[in-house]
>>> print(open('model.txt').read())   # compact mmCIF, C-alpha atoms
# COMPACT_ATOMS: atom_id res chain seq x y z
CA MET A 1 -20.11 7.62 5.05
CA LYS A 2 -16.60 6.60 5.96
CA ILE A 3 -13.48 8.52 4.92
CA SER A 4 -10.16 6.64 4.96
CA VAL A 5 -6.88 8.42 4.34
CA LYS A 6 -3.24 7.39 3.94
CA ASN A 7 -0.14 9.60 4.05
CA LEU A 8 -1.80 12.78 5.24
CA GLY A 9 0.73 14.89 7.12
CA VAL A 10 1.97 12.85 10.09
CA LEU A 11 -0.74 10.25 9.51
CA GLU A 12 0.16 7.05 7.72
CA HIS A 13 -3.41 5.82 8.01
CA SER A 14 -6.65 6.97 9.58
CA GLU A 15 -10.37 6.68 9.06
CA ILE A 16 -13.56 8.17 10.43
CA ASP A 17 -17.21 7.14 10.14
CA LEU A 18 -19.21 10.30 9.49
CA SER A 19 -22.52 8.51 9.97
CA LYS A 20 -21.92 8.63 13.74
CA LYS A 21 -23.66 11.44 15.61
CA LEU A 22 -20.67 12.01 17.91
CA ASN A 23 -17.07 11.40 16.87
CA ILE A 24 -14.27 11.71 19.45
CA LEU A 25 -10.61 11.98 18.46
CA CYS A 26 -8.11 11.20 21.23
CA GLY A 27 -4.37 10.72 21.48
CA THR A 28 -1.16 12.41 22.48
CA ASN A 29 0.07 15.64 20.86
CA ASN A 30 1.27 15.68 17.28
CA THR A 31 -0.45 12.43 16.28
CA GLY A 32 -2.69 13.82 13.53
CA LYS A 33 -6.01 14.60 15.22
CA THR A 34 -6.14 18.13 13.80
CA TYR A 35 -5.25 16.84 10.33
CA MET A 36 -8.26 14.55 10.44
CA ALA A 37 -10.57 17.22 11.85
CA TYR A 38 -9.50 19.67 9.14
CA LEU A 39 -10.01 17.03 6.44
CA VAL A 40 -13.56 16.38 7.65
CA TYR A 41 -14.28 20.12 7.76
CA GLY A 42 -12.77 20.69 4.32
CA TRP A 43 -14.79 17.91 2.73
CA ASN A 44 -18.10 19.08 4.17
CA TYR A 45 -17.44 22.75 3.43
CA LEU A 46 -16.14 22.40 -0.12
CA SER A 47 -18.58 19.73 -1.27
CA ASN A 48 -21.46 22.13 -0.64
CA TYR A 49 -20.05 24.30 -3.45
CA SER A 50 -18.96 21.54 -5.82
CA PHE A 51 -21.86 20.45 -7.98
CA ASN A 52 -19.32 19.42 -10.64
CA LEU A 53 -18.67 16.31 -8.55
CA PHE A 54 -21.57 14.65 -10.31
CA ASN A 55 -22.40 13.99 -13.93
CA ARG A 56 -24.71 16.54 -15.48
CA ASP A 57 -26.66 13.72 -17.13
CA LEU A 58 -28.09 11.81 -14.17
CA GLN A 59 -30.78 9.23 -14.84
CA VAL A 60 -33.96 11.04 -13.80
CA ASN A 61 -37.35 9.32 -13.88
CA TYR A 62 -40.35 11.65 -14.17
CA ILE A 63 -43.70 10.45 -12.77
CA ALA A 64 -46.47 12.47 -14.41
CA SER A 65 -49.29 11.11 -12.22
CA SER A 66 -47.75 12.56 -9.04
CA ASN A 67 -45.80 15.39 -10.71
CA GLU A 68 -42.51 14.32 -9.16
CA PHE A 69 -39.25 12.80 -10.30
CA THR A 70 -37.02 10.17 -8.79
CA ILE A 71 -33.35 9.28 -8.89
CA ASN A 72 -31.50 6.16 -7.76
CA LEU A 73 -28.86 7.42 -5.36
CA LEU A 74 -26.48 4.46 -5.54
CA ASP A 75 -26.36 4.68 -9.33
CA SER A 76 -25.71 8.43 -9.25
CA ILE A 77 -22.56 8.70 -7.16
CA ASN A 78 -19.02 8.05 -8.37
CA PHE A 79 -16.92 7.56 -5.25
CA ASN A 80 -13.64 7.61 -7.17
CA LYS A 81 -14.57 11.05 -8.47
CA ILE A 82 -15.37 12.24 -4.95
CA SER A 83 -12.07 10.92 -3.58
CA GLY A 84 -10.15 12.57 -6.42
CA PHE A 85 -11.93 15.86 -5.82
CA LEU A 86 -11.04 15.81 -2.13
CA LYS A 87 -7.38 15.12 -2.87
CA THR A 88 -7.19 18.07 -5.27
CA LYS A 89 -8.49 20.31 -2.48
CA LEU A 90 -5.95 19.29 0.19
CA ASN A 91 -3.60 22.19 -0.59
CA GLU A 92 -6.52 24.59 -0.19
CA ILE A 93 -7.75 22.97 3.03
CA PHE A 94 -4.33 23.01 4.70
CA ASN A 95 -2.94 26.05 2.83
CA GLN A 96 0.12 24.19 1.59
CA LYS A 97 2.02 24.59 -1.65
CA GLY A 98 3.87 22.11 -3.82
CA GLU A 99 3.37 18.37 -3.84
CA ILE A 100 3.23 17.74 -0.12
CA PHE A 101 0.07 15.65 -0.59
CA HIS A 102 1.02 13.85 -3.80
CA LYS A 103 1.28 10.51 -1.95
CA THR A 104 -1.99 10.98 -0.08
CA ILE A 105 -4.67 8.38 -0.79
CA ILE A 106 -8.32 9.04 0.09
CA GLU A 107 -11.11 6.47 -0.05
CA ILE A 108 -14.85 6.97 0.45
CA ASP A 109 -16.90 4.01 1.63
CA ASN A 110 -19.97 2.89 3.57
CA PHE A 111 -22.38 5.18 1.74
CA GLN A 112 -25.17 2.62 2.09
CA GLU A 113 -25.17 3.18 5.87
CA THR A 114 -25.42 6.91 5.27
CA LEU A 115 -28.51 6.32 3.18
CA ASN A 116 -30.02 4.02 5.78
CA ASN A 117 -29.53 6.63 8.52
CA SER A 118 -30.96 9.42 6.37
CA LYS A 119 -34.73 8.88 6.55
CA LEU A 120 -35.62 12.42 5.54
CA LEU A 121 -33.04 14.70 3.97
CA PHE A 122 -34.64 18.07 4.56
CA ASP A 123 -38.05 19.65 4.19
CA SER A 124 -37.47 21.42 0.91
CA ILE A 125 -35.12 22.87 -1.67
CA TYR A 126 -35.57 26.47 -2.78
CA PHE A 127 -34.73 27.14 -6.41
CA MET A 128 -35.70 30.02 -8.69
CA GLY A 129 -38.33 31.24 -6.23
CA ASN A 130 -40.00 27.86 -5.83
CA SER A 131 -40.00 25.28 -3.04
CA PHE A 132 -39.50 21.61 -3.93
CA SER A 133 -40.30 18.95 -1.32
CA VAL A 134 -37.64 16.26 -0.95
CA PHE A 135 -37.84 12.84 0.67
CA LYS A 136 -36.20 9.45 0.37
CA VAL A 137 -37.44 5.86 0.42
CA ASN A 138 -34.62 3.31 0.67
CA ASP A 139 -32.15 4.27 -2.08
CA ILE A 140 -34.59 6.32 -4.14
CA LEU A 141 -34.79 10.10 -3.89
CA TYR A 142 -38.14 11.80 -4.61
CA ILE A 143 -38.47 15.46 -5.50
CA LYS A 144 -41.99 16.88 -5.68
CA ILE A 145 -42.67 19.58 -8.25
CA PRO A 146 -45.05 22.38 -7.13
CA GLU A 147 -48.46 22.43 -8.78
CA ASN A 148 -48.83 24.40 -12.01
CA LEU A 149 -45.05 24.48 -12.47
CA SER A 150 -43.33 22.99 -15.48
CA ILE A 151 -39.59 22.38 -15.31
CA ASP A 152 -37.17 21.05 -17.89
CA ASN A 153 -34.58 18.31 -17.56
CA GLY A 154 -31.82 20.79 -16.72
CA VAL A 155 -33.66 22.01 -13.63
CA MET A 156 -34.35 18.41 -12.59
CA GLN A 157 -30.64 17.67 -12.90
CA HIS A 158 -29.74 20.68 -10.78
CA LEU A 159 -32.22 19.77 -8.03
CA ALA A 160 -31.09 16.15 -8.01
CA ILE A 161 -27.42 17.13 -7.69
CA GLN A 162 -28.18 19.63 -4.93
CA SER A 163 -30.06 16.90 -3.03
CA ILE A 164 -27.19 14.43 -3.37
CA VAL A 165 -24.71 17.02 -2.12
CA ASN A 166 -26.89 17.48 0.95
CA ILE A 167 -26.90 13.73 1.58
CA LEU A 168 -23.14 13.39 1.26
CA SER A 169 -22.16 16.38 3.35
CA ASP A 170 -23.25 18.48 6.29
CA ASN A 171 -23.06 22.21 6.86
CA PRO A 172 -19.90 22.44 9.00
CA LEU A 173 -18.94 24.96 11.66
CA ILE A 174 -15.49 24.61 13.20
CA PHE A 175 -14.18 26.03 16.45
CA PRO A 176 -10.41 25.55 16.23
CA ALA A 177 -7.98 25.59 19.13
CA GLU A 178 -7.08 29.12 17.99
CA ARG A 179 -10.66 30.38 18.53
CA ALA A 180 -9.74 32.64 21.45
CA ALA A 181 -7.07 34.36 19.35
CA VAL A 182 -9.49 34.64 16.43
CA ASN A 183 -11.97 36.52 18.64
CA ILE A 184 -9.29 38.93 19.86
CA PHE A 185 -7.19 39.59 16.76
CA SER A 186 -9.60 39.26 13.82
CA LYS A 187 -10.02 43.03 13.56
CA GLU A 188 -6.26 43.61 13.48
CA LEU A 189 -5.88 40.95 10.80
CA SER A 190 -8.65 42.59 8.80
CA ILE A 191 -6.87 45.96 9.01
CA LYS A 192 -3.65 44.36 7.76
CA ARG A 193 -5.54 42.81 4.86
CA ASN A 194 -6.99 46.18 3.91
CA ASP A 195 -3.48 47.67 4.08
CA LEU A 196 -2.32 44.92 1.71
CA VAL A 197 -5.09 45.75 -0.76
CA ASP A 198 -4.11 49.42 -0.70
CA GLU A 199 -0.47 48.48 -1.22
CA LEU A 200 -1.35 46.20 -4.14
CA LEU A 201 -3.38 48.94 -5.78
CA SER A 202 -0.41 51.28 -5.55
CA VAL A 203 1.92 48.82 -7.33
CA LYS A 204 1.78 49.34 -11.08
CA ASN A 205 4.15 46.57 -12.19
CA VAL A 206 2.21 43.29 -12.51
CA LYS A 207 5.24 41.13 -11.62
CA ASN A 208 5.94 43.15 -8.50
CA ARG A 209 2.27 42.97 -7.58
CA ASP A 210 2.22 39.17 -7.92
CA LYS A 211 5.41 38.87 -5.89
CA LEU A 212 3.98 41.08 -3.13
CA LEU A 213 0.75 39.08 -3.08
CA GLU A 214 2.65 35.80 -2.79
CA GLU A 215 4.79 37.11 0.04
CA ARG A 216 1.87 38.56 2.01
CA ALA A 217 -0.87 36.03 1.24
CA THR A 218 -2.68 34.39 4.12
CA ARG A 219 -0.85 31.54 5.83
CA TYR A 220 -3.90 30.04 7.48
CA PRO A 221 -5.64 26.74 6.69
CA LEU A 222 -9.21 26.84 5.41
CA PRO A 223 -10.86 26.26 8.85
CA ILE A 224 -8.95 29.19 10.37
CA ARG A 225 -9.74 31.44 7.40
CA LYS A 226 -13.44 30.70 7.66
CA SER A 227 -13.39 31.33 11.41
CA LEU A 228 -11.75 34.70 10.77
CA GLU A 229 -14.35 35.56 8.14
CA ILE A 230 -17.14 34.97 10.64
CA ALA A 231 -15.33 36.95 13.34
CA GLU A 232 -14.93 39.90 10.95
CA ASP A 233 -18.62 39.87 10.01
CA LEU A 234 -20.28 39.65 13.42
CA ALA A 235 -22.25 42.89 13.09
CA ARG A 236 -24.10 41.62 10.02
CA LEU A 237 -24.39 38.01 11.16
CA SER A 238 -25.79 39.06 14.53
CA GLN A 239 -28.92 40.28 12.71
CA LYS A 240 -29.80 36.65 12.06
CA LYS A 241 -31.70 34.60 14.61
CA SER A 242 -31.39 30.86 15.14
CA LYS A 243 -34.14 28.70 16.60
CA TYR A 244 -31.43 27.16 18.78
CA GLU A 245 -30.83 30.31 20.80
CA TYR A 246 -31.86 28.41 23.93
CA LEU A 247 -28.63 26.37 23.64
CA ALA A 248 -26.64 29.62 23.69
CA GLU A 249 -28.54 30.59 26.82
CA GLU A 250 -27.71 27.24 28.44
CA ILE A 251 -24.00 27.81 27.88
CA GLU A 252 -24.27 31.31 29.31
CA LYS A 253 -26.23 30.16 32.34
CA LYS A 254 -24.43 26.93 33.21
CA ILE A 255 -20.86 27.87 32.34
CA LEU A 256 -20.21 31.52 31.51
CA LYS A 257 -22.44 33.04 34.20
CA GLY A 258 -23.12 35.99 31.96
CA LYS A 259 -24.29 37.12 28.50
CA ILE A 260 -22.40 37.29 25.22
CA LYS A 261 -23.28 40.36 23.13
CA VAL A 262 -22.18 41.96 19.88
CA ASN A 263 -21.93 45.75 19.83
CA LYS A 264 -22.64 47.99 16.83
CA TYR A 265 -18.99 47.78 15.76
CA GLY A 266 -19.16 43.99 15.45
CA GLU A 267 -17.16 43.31 18.60
CA ILE A 268 -18.01 40.55 21.07
CA GLN A 269 -18.56 41.69 24.65
CA TYR A 270 -19.26 39.84 27.89
CA SER A 271 -21.74 41.03 30.48
CA PRO A 272 -21.39 39.20 33.84
CA SER A 273 -24.61 38.12 35.57
CA GLY A 274 -25.78 40.46 38.30
CA THR A 275 -24.18 43.57 36.80
CA LYS A 276 -25.72 46.57 35.08
CA ASN A 277 -24.21 48.26 32.01
CA VAL A 278 -20.99 46.24 32.35
CA ASN A 279 -19.86 45.06 28.92
CA LEU A 280 -16.34 43.72 28.93
CA PRO A 281 -14.42 43.50 25.64
CA MET A 282 -12.83 40.17 24.83
CA HIS A 283 -9.26 41.17 25.61
CA VAL A 284 -10.13 41.78 29.28
CA SER A 285 -12.61 38.90 29.67
CA ALA A 286 -11.77 35.58 31.28
CA SER A 287 -10.03 32.98 29.12
CA MET A 288 -13.09 30.75 29.46
CA VAL A 289 -15.23 33.49 27.90
CA LYS A 290 -12.77 33.92 25.03
CA SER A 291 -12.88 30.18 24.37
CA LEU A 292 -16.67 29.73 24.40
CA SER A 293 -18.02 33.05 23.11
CA SER A 294 -17.90 32.02 19.45
CA ILE A 295 -19.89 28.86 20.24
CA VAL A 296 -22.53 30.95 22.01
CA PHE A 297 -22.70 33.29 19.01
CA TYR A 298 -23.12 30.33 16.69
CA PHE A 299 -26.13 28.92 18.52
CA ARG A 300 -27.76 32.32 18.90
CA HIS A 301 -27.38 33.43 15.29
CA LEU A 302 -26.12 30.77 12.87
CA ALA A 303 -27.11 27.25 13.95
CA GLN A 304 -29.21 25.20 11.54
CA ALA A 305 -30.74 21.77 11.96
CA GLY A 306 -28.31 18.97 11.15
CA ASP A 307 -25.14 21.09 11.22
CA LEU A 308 -21.79 19.42 11.83
CA ILE A 309 -20.09 21.08 14.82
CA ILE A 310 -16.33 20.53 15.08
CA ILE A 311 -14.63 21.62 18.31
CA ASP A 312 -10.90 21.26 18.81
CA GLU A 313 -10.20 20.78 22.52
CA PRO A 314 -13.54 21.83 24.06
CA GLU A 315 -11.77 21.74 27.44
CA LEU A 316 -9.63 24.79 26.61
CA ASN A 317 -9.23 27.10 29.64
CA LEU A 318 -11.86 25.22 31.66
CA HIS A 319 -11.66 24.03 35.26
CA PRO A 320 -12.62 20.32 35.72
CA ASP A 321 -16.18 21.14 36.83
CA MET A 322 -16.72 23.20 33.69
CA GLN A 323 -15.19 20.47 31.53
CA ARG A 324 -17.83 18.10 32.87
CA ALA A 325 -20.52 20.68 32.13
CA VAL A 326 -19.25 21.05 28.56
CA ALA A 327 -19.39 17.27 28.07
CA ARG A 328 -23.05 17.31 29.04
CA LEU A 329 -23.68 20.19 26.64
CA LEU A 330 -22.01 18.23 23.83
CA ALA A 331 -24.50 15.44 24.48
CA ARG A 332 -27.30 18.03 24.38
CA PHE A 333 -26.13 19.15 20.96
CA VAL A 334 -26.20 15.56 19.69
CA ASN A 335 -29.69 14.99 21.05
CA GLU A 336 -30.88 18.22 19.42
CA GLY A 337 -30.01 16.76 16.01
CA PHE A 338 -26.52 18.15 15.44
CA LYS A 339 -23.54 16.06 14.50
CA VAL A 340 -20.52 16.71 16.72
CA LEU A 341 -16.82 16.00 16.26
CA ILE A 342 -14.33 16.82 19.01
CA SER A 343 -10.66 16.21 19.66
CA THR A 344 -9.79 16.09 23.33
CA HIS A 345 -7.08 15.36 25.90
CA SER A 346 -9.48 15.70 28.83
CA ASP A 347 -10.05 12.74 31.11
CA TYR A 348 -12.90 14.70 32.72
CA ILE A 349 -14.76 15.02 29.42
CA ILE A 350 -14.17 11.37 28.57
CA LYS A 351 -15.37 10.15 31.97
CA GLU A 352 -18.43 12.40 31.84
CA LEU A 353 -19.34 11.10 28.38
CA ASN A 354 -18.96 7.57 29.73
CA LEU A 355 -21.41 8.38 32.52
CA LEU A 356 -23.92 9.63 29.96
CA ILE A 357 -23.57 6.34 28.08
CA MET A 358 -23.83 4.11 31.17
CA LEU A 359 -26.92 5.88 32.50
CA ASN A 360 -28.73 5.33 29.19
CA ASN A 361 -29.36 1.65 29.96
CA PRO A 362 -33.00 0.50 29.90
CA ASP A 363 -31.93 -2.99 31.05
CA LYS A 364 -30.79 -1.58 34.40
CA PRO A 365 -33.74 -0.29 36.48
CA GLU A 366 -31.34 1.37 38.91
CA ALA A 367 -30.00 3.57 36.08
CA LYS A 368 -33.03 5.87 36.38
CA GLU A 369 -32.52 6.20 40.11
CA LEU A 370 -28.85 7.07 39.64
CA GLN A 371 -29.74 9.54 36.91
CA LYS A 372 -32.10 11.33 39.28
CA LYS A 373 -29.65 11.16 42.19
CA TYR A 374 -26.86 12.84 40.24
CA ASP A 375 -29.18 15.26 38.39
CA TYR A 376 -28.71 14.06 34.81
CA GLN A 377 -31.40 14.91 32.27
CA ASP A 378 -32.83 12.57 29.63
CA ASN A 379 -31.65 14.91 26.87
CA GLU A 380 -28.04 14.50 28.07
CA LEU A 381 -27.86 10.71 27.70
CA LEU A 382 -25.98 9.06 24.86
CA LYS A 383 -26.38 5.84 22.89
CA PRO A 384 -23.15 3.84 22.40
CA GLU A 385 -24.04 2.89 18.82
CA GLU A 386 -24.17 6.55 17.84
CA ILE A 387 -20.62 7.30 19.00
CA GLY A 388 -17.32 6.81 17.19
CA VAL A 389 -14.06 6.98 19.15
CA TYR A 390 -10.57 7.01 17.62
CA LEU A 391 -7.20 6.76 19.33
CA PHE A 392 -4.35 8.41 17.42
CA LYS A 393 -0.88 6.99 18.06
CA ASP A 394 2.17 5.78 16.14
CA ARG A 395 1.12 7.73 13.03
CA HIS A 396 -2.25 6.01 12.66
CA SER A 397 -5.63 5.87 14.35
CA GLU A 398 -7.46 2.87 15.68
CA VAL A 399 -11.15 2.47 16.40
CA VAL A 400 -11.90 2.30 20.12
CA PRO A 401 -14.84 0.02 21.01
CA VAL A 402 -17.83 1.76 22.58
CA SER A 403 -20.17 -0.39 24.66
CA GLN A 404 -22.92 0.19 27.20
CA GLU A 405 -20.08 0.52 29.73
CA GLY A 406 -18.50 3.34 27.74
CA PHE A 407 -14.98 3.40 26.29
CA GLU A 408 -11.38 3.67 27.45
CA ILE A 409 -8.50 5.77 26.15
CA GLU A 410 -5.37 3.80 26.99
CA THR A 411 -2.88 6.66 26.62
CA ILE A 412 -4.76 8.81 29.16
CA ASP A 413 -5.43 5.94 31.56
CA LYS A 414 -1.78 4.88 31.43
CA GLU A 415 -0.55 8.36 32.30
CA ILE A 416 -3.04 8.77 35.15
CA ASN A 417 -2.10 5.38 36.62
CA GLU A 418 1.62 6.18 36.42
CA LEU A 419 1.07 9.57 38.05
CA ASN A 420 -0.99 8.08 40.88
CA HIS A 421 1.61 5.37 41.46
CA ALA A 422 4.47 7.89 41.50
CA PHE A 423 2.56 10.23 43.82
CA LYS A 424 1.81 7.50 46.36
CA ASN A 425 5.33 6.11 46.25
CA ILE A 426 6.96 9.53 46.66
CA TYR A 427 4.54 10.71 49.34
CA PHE A 428 4.74 7.63 51.55
CA SER A 429 8.51 7.36 51.07
CA LEU A 430 9.02 10.93 52.28
CA TYR A 431 6.28 11.52 54.81
CA ASP A 432 5.03 8.21 56.20
>>> encode(input="model.txt", output="structure tokens")
Amino acid sequence: MKISVKNLGVLEHSEIDLSKKLNILCGTNNTGKTYMAYLVYGWNYLSNYSFNLFNRDLQVNYIASSNEFTINLLDSINFNKISGFLKTKLNEIFNQKGEIFHKTIIEIDNFQETLNNSKLLFDSIYFMGNSFSVFKVNDILYIKIPENLSIDNGVMQHLAIQSIVNILSDNPLIFPAERAAVNIFSKELSIKRNDLVDELLSVKNVKNRDKLLEERATRYPLPIRKSLEIAEDLARLSQKKSKYEYLAEEIEKKILKGKIKVNKYGEIQYSPSGTKNVNLPMHVSASMVKSLSSIVFYFRHLAQAGDLIIIDEPELNLHPDMQRAVARLLARFVNEGFKVLISTHSDYIIKELNLLIMLNNPDKPEAKELQKKYDYQDNELLKPEEIGVYLFKDRHSEVVPVSQEGFEIETIDKEINELNHAFKNIYFSLYD
């Protein structure tokens, strides 16, 4: 599915193809990358709770012989309604008031490709204590009714709508550029919120209460608010276990060189490898630990198959060798079935991703030898057709071609070339 947008913040025009397994947003500062990332997050998050996007009278075909019902997906989705819904939610996504987005235009397209890439939606839907198997053939959705269960048309409608929502959107987790601050200050923000509630309860005049609430209401966009909610609920969430815990362990082993833990008070701690009973709180841990701890927690406790992982500047606080390691981990996530969206300024990450594309070339026998020589694993390699790259500049984004040779980001290459030229000229002028 492709989302195109006009007049969104600093962006005059941008688009992104969400059918890609890895989307990369590049460009100089203040060109709209975060706007686009937040829009993608907002759509995927809110659509999961918006069954009213679809008509309650979908055309459902019941097949008595197999005790299942079908629905034609292309006939069931009103893209104008979806676009209108997303526009009405922009103030909530970005936490803005007034008519700042009244000129924004959103278009949804390319749903057929989404259907083509979605061979099997998920194993089942759970509803009213029952499990319904779901699968898709071409544009037709099939939902199998359990034996000895009779359901009415209303339940069929609900299950069909829930299935369509799952096709259109992914379960998103976002790791914003502010993630280190979220990990450190979430408890303080929670205390302030509780103080606000106590203050509101003490105000008897309704007008004064409304005024106080407006003055003290949260100023954070939806992605930041949701990140804070997770950070404030770590004690409970840490009771969950994800089958992707091994990815958390890879991050700890290859990058952090230590373990991420959650104590009984819901606080993240870092235990360096080779130490005993050393549990460092976040505020005294290395900046790298602050930046990556929430991602480790996600894979250990929250990750689900097919999630959309959005990471703003994965290179934050990382030395070049660790940036390269993170790029390889991003490829691992993609090959484990996750969708990944990143925004980056890192030439190291871009070059490493290019290596992972170039090495995945069955037409070049020497590629396997090079892969072994430089210690790259099969599960780190990337396919160019599964990657979308966008360069943000001059208030719009343009699609960057991705081939078997990788891709180029002209704004980064230009700056590196100018720096190298200046360095050589200055050095040899002064010291040769």
>>> atom_distance(input="model.txt", atom1="CA of Lys33 in chain A", atom2="CA of Val5 in chain A")
12.5 Å
>>> closest_residue(input="model.txt", among="A:Ile230, A:Thr28, A:Gly9, A:Lys241", to="Gln304 in chain A", atoms="all atoms listed in the file")
A:Lys241
>>> residues_around(input="model.txt", residues="Ser294 in chain A", least_positions_apart="5", cutoff="8 Å", atoms="all atoms listed in the file", output="list in words")
Phe175, Arg179 and Asn183 of chain A
>>> atom_distance(input="model.txt", atom1="CA of Leu280 in chain A", atom2="CA of Glu252 in chain A")
14.7 Å
>>> closest_residue(input="model.txt", among="A:Ser227, A:Leu159, A:Val289, A:Asp233", to="Lys257 in chain A", atoms="all atoms listed in the file")
A:Val289
>>> atom_distance(input="model.txt", atom1="CA of His396 in chain A", atom2="CA of Asn80 in chain A")
22.9 Å
>>> residues_around(input="model.txt", residues="range 10-20 of chain A", least_positions_apart="3", cutoff="10 Å", atoms="all atoms listed in the file", output="PyMOL selection string")
chain A and resi 1-7+23-25+30-33+35-37+40+104-111+113-118+168-170+308+339-341+384-399
>>> closest_residue(input="model.txt", among="A:Ile342, A:Pro320, A:Asn335, A:Ala160", to="Lys383 in chain A", atoms="all atoms listed in the file")
A:Asn335
>>> residues_near_point(input="model.txt", point="(-26.9, 18.8, 23.3)", cutoff="10 Å", atoms="only C-alpha atoms", output="PyMOL selection string")
chain A and resi 247+250+326-340+379-382
>>> build_atoms(input="model.txt", residues="range 59-72 of chain A", atoms="N, CA and C atoms", output="PDB file, in the coordinates of the input")
ATOM      1  N   GLN A  59     -29.601   9.944 -14.379  1.00  0.00           N
ATOM      2  CA  GLN A  59     -30.780   9.230 -14.840  1.00  0.00           C
ATOM      3  C   GLN A  59     -31.984   9.644 -13.985  1.00  0.00           C
ATOM      4  N   VAL A  60     -32.802  10.521 -14.520  1.00  0.00           N
ATOM      5  CA  VAL A  60     -33.960  11.040 -13.800  1.00  0.00           C
ATOM      6  C   VAL A  60     -35.223  10.413 -14.366  1.00  0.00           C
ATOM      7  N   ASN A  61     -36.097   9.948 -13.473  1.00  0.00           N
ATOM      8  CA  ASN A  61     -37.350   9.320 -13.880  1.00  0.00           C
ATOM      9  C   ASN A  61     -38.516  10.213 -13.474  1.00  0.00           C
ATOM     10  N   TYR A  62     -39.224  10.751 -14.464  1.00  0.00           N
ATOM     11  CA  TYR A  62     -40.350  11.650 -14.170  1.00  0.00           C
ATOM     12  C   TYR A  62     -41.640  10.846 -14.051  1.00  0.00           C
ATOM     13  N   ILE A  63     -42.425  11.127 -12.997  1.00  0.00           N
ATOM     14  CA  ILE A  63     -43.700  10.450 -12.770  1.00  0.00           C
ATOM     15  C   ILE A  63     -44.805  11.486 -12.931  1.00  0.00           C
ATOM     16  N   ALA A  64     -45.492  11.430 -14.077  1.00  0.00           N
ATOM     17  CA  ALA A  64     -46.470  12.470 -14.410  1.00  0.00           C
ATOM     18  C   ALA A  64     -47.666  12.434 -13.471  1.00  0.00           C
ATOM     19  N   SER A  65     -48.075  11.240 -13.040  1.00  0.00           N
ATOM     20  CA  SER A  65     -49.290  11.110 -12.220  1.00  0.00           C
ATOM     21  C   SER A  65     -49.174  11.845 -10.888  1.00  0.00           C
ATOM     22  N   SER A  66     -47.966  11.895 -10.328  1.00  0.00           N
ATOM     23  CA  SER A  66     -47.750  12.560  -9.040  1.00  0.00           C
ATOM     24  C   SER A  66     -46.944  13.848  -9.177  1.00  0.00           C
ATOM     25  N   ASN A  67     -46.580  14.188 -10.416  1.00  0.00           N
ATOM     26  CA  ASN A  67     -45.800  15.390 -10.710  1.00  0.00           C
ATOM     27  C   ASN A  67     -44.535  15.458  -9.841  1.00  0.00           C
ATOM     28  N   GLU A  68     -43.771  14.381  -9.888  1.00  0.00           N
ATOM     29  CA  GLU A  68     -42.510  14.320  -9.160  1.00  0.00           C
ATOM     30  C   GLU A  68     -41.519  13.517  -9.985  1.00  0.00           C
ATOM     31  N   PHE A  69     -40.241  13.623  -9.618  1.00  0.00           N
ATOM     32  CA  PHE A  69     -39.250  12.800 -10.300  1.00  0.00           C
ATOM     33  C   PHE A  69     -38.381  12.105  -9.278  1.00  0.00           C
ATOM     34  N   THR A  70     -37.807  10.999  -9.700  1.00  0.00           N
ATOM     35  CA  THR A  70     -37.020  10.170  -8.790  1.00  0.00           C
ATOM     36  C   THR A  70     -35.631   9.958  -9.371  1.00  0.00           C
ATOM     37  N   ILE A  71     -34.716   9.585  -8.477  1.00  0.00           N
ATOM     38  CA  ILE A  71     -33.350   9.280  -8.890  1.00  0.00           C
ATOM     39  C   ILE A  71     -32.803   8.202  -7.971  1.00  0.00           C
ATOM     40  N   ASN A  72     -32.137   7.212  -8.545  1.00  0.00           N
ATOM     41  CA  ASN A  72     -31.500   6.160  -7.760  1.00  0.00           C
ATOM     42  C   ASN A  72     -30.154   6.670  -7.261  1.00  0.00           C
TER      43      ASN A  72
END
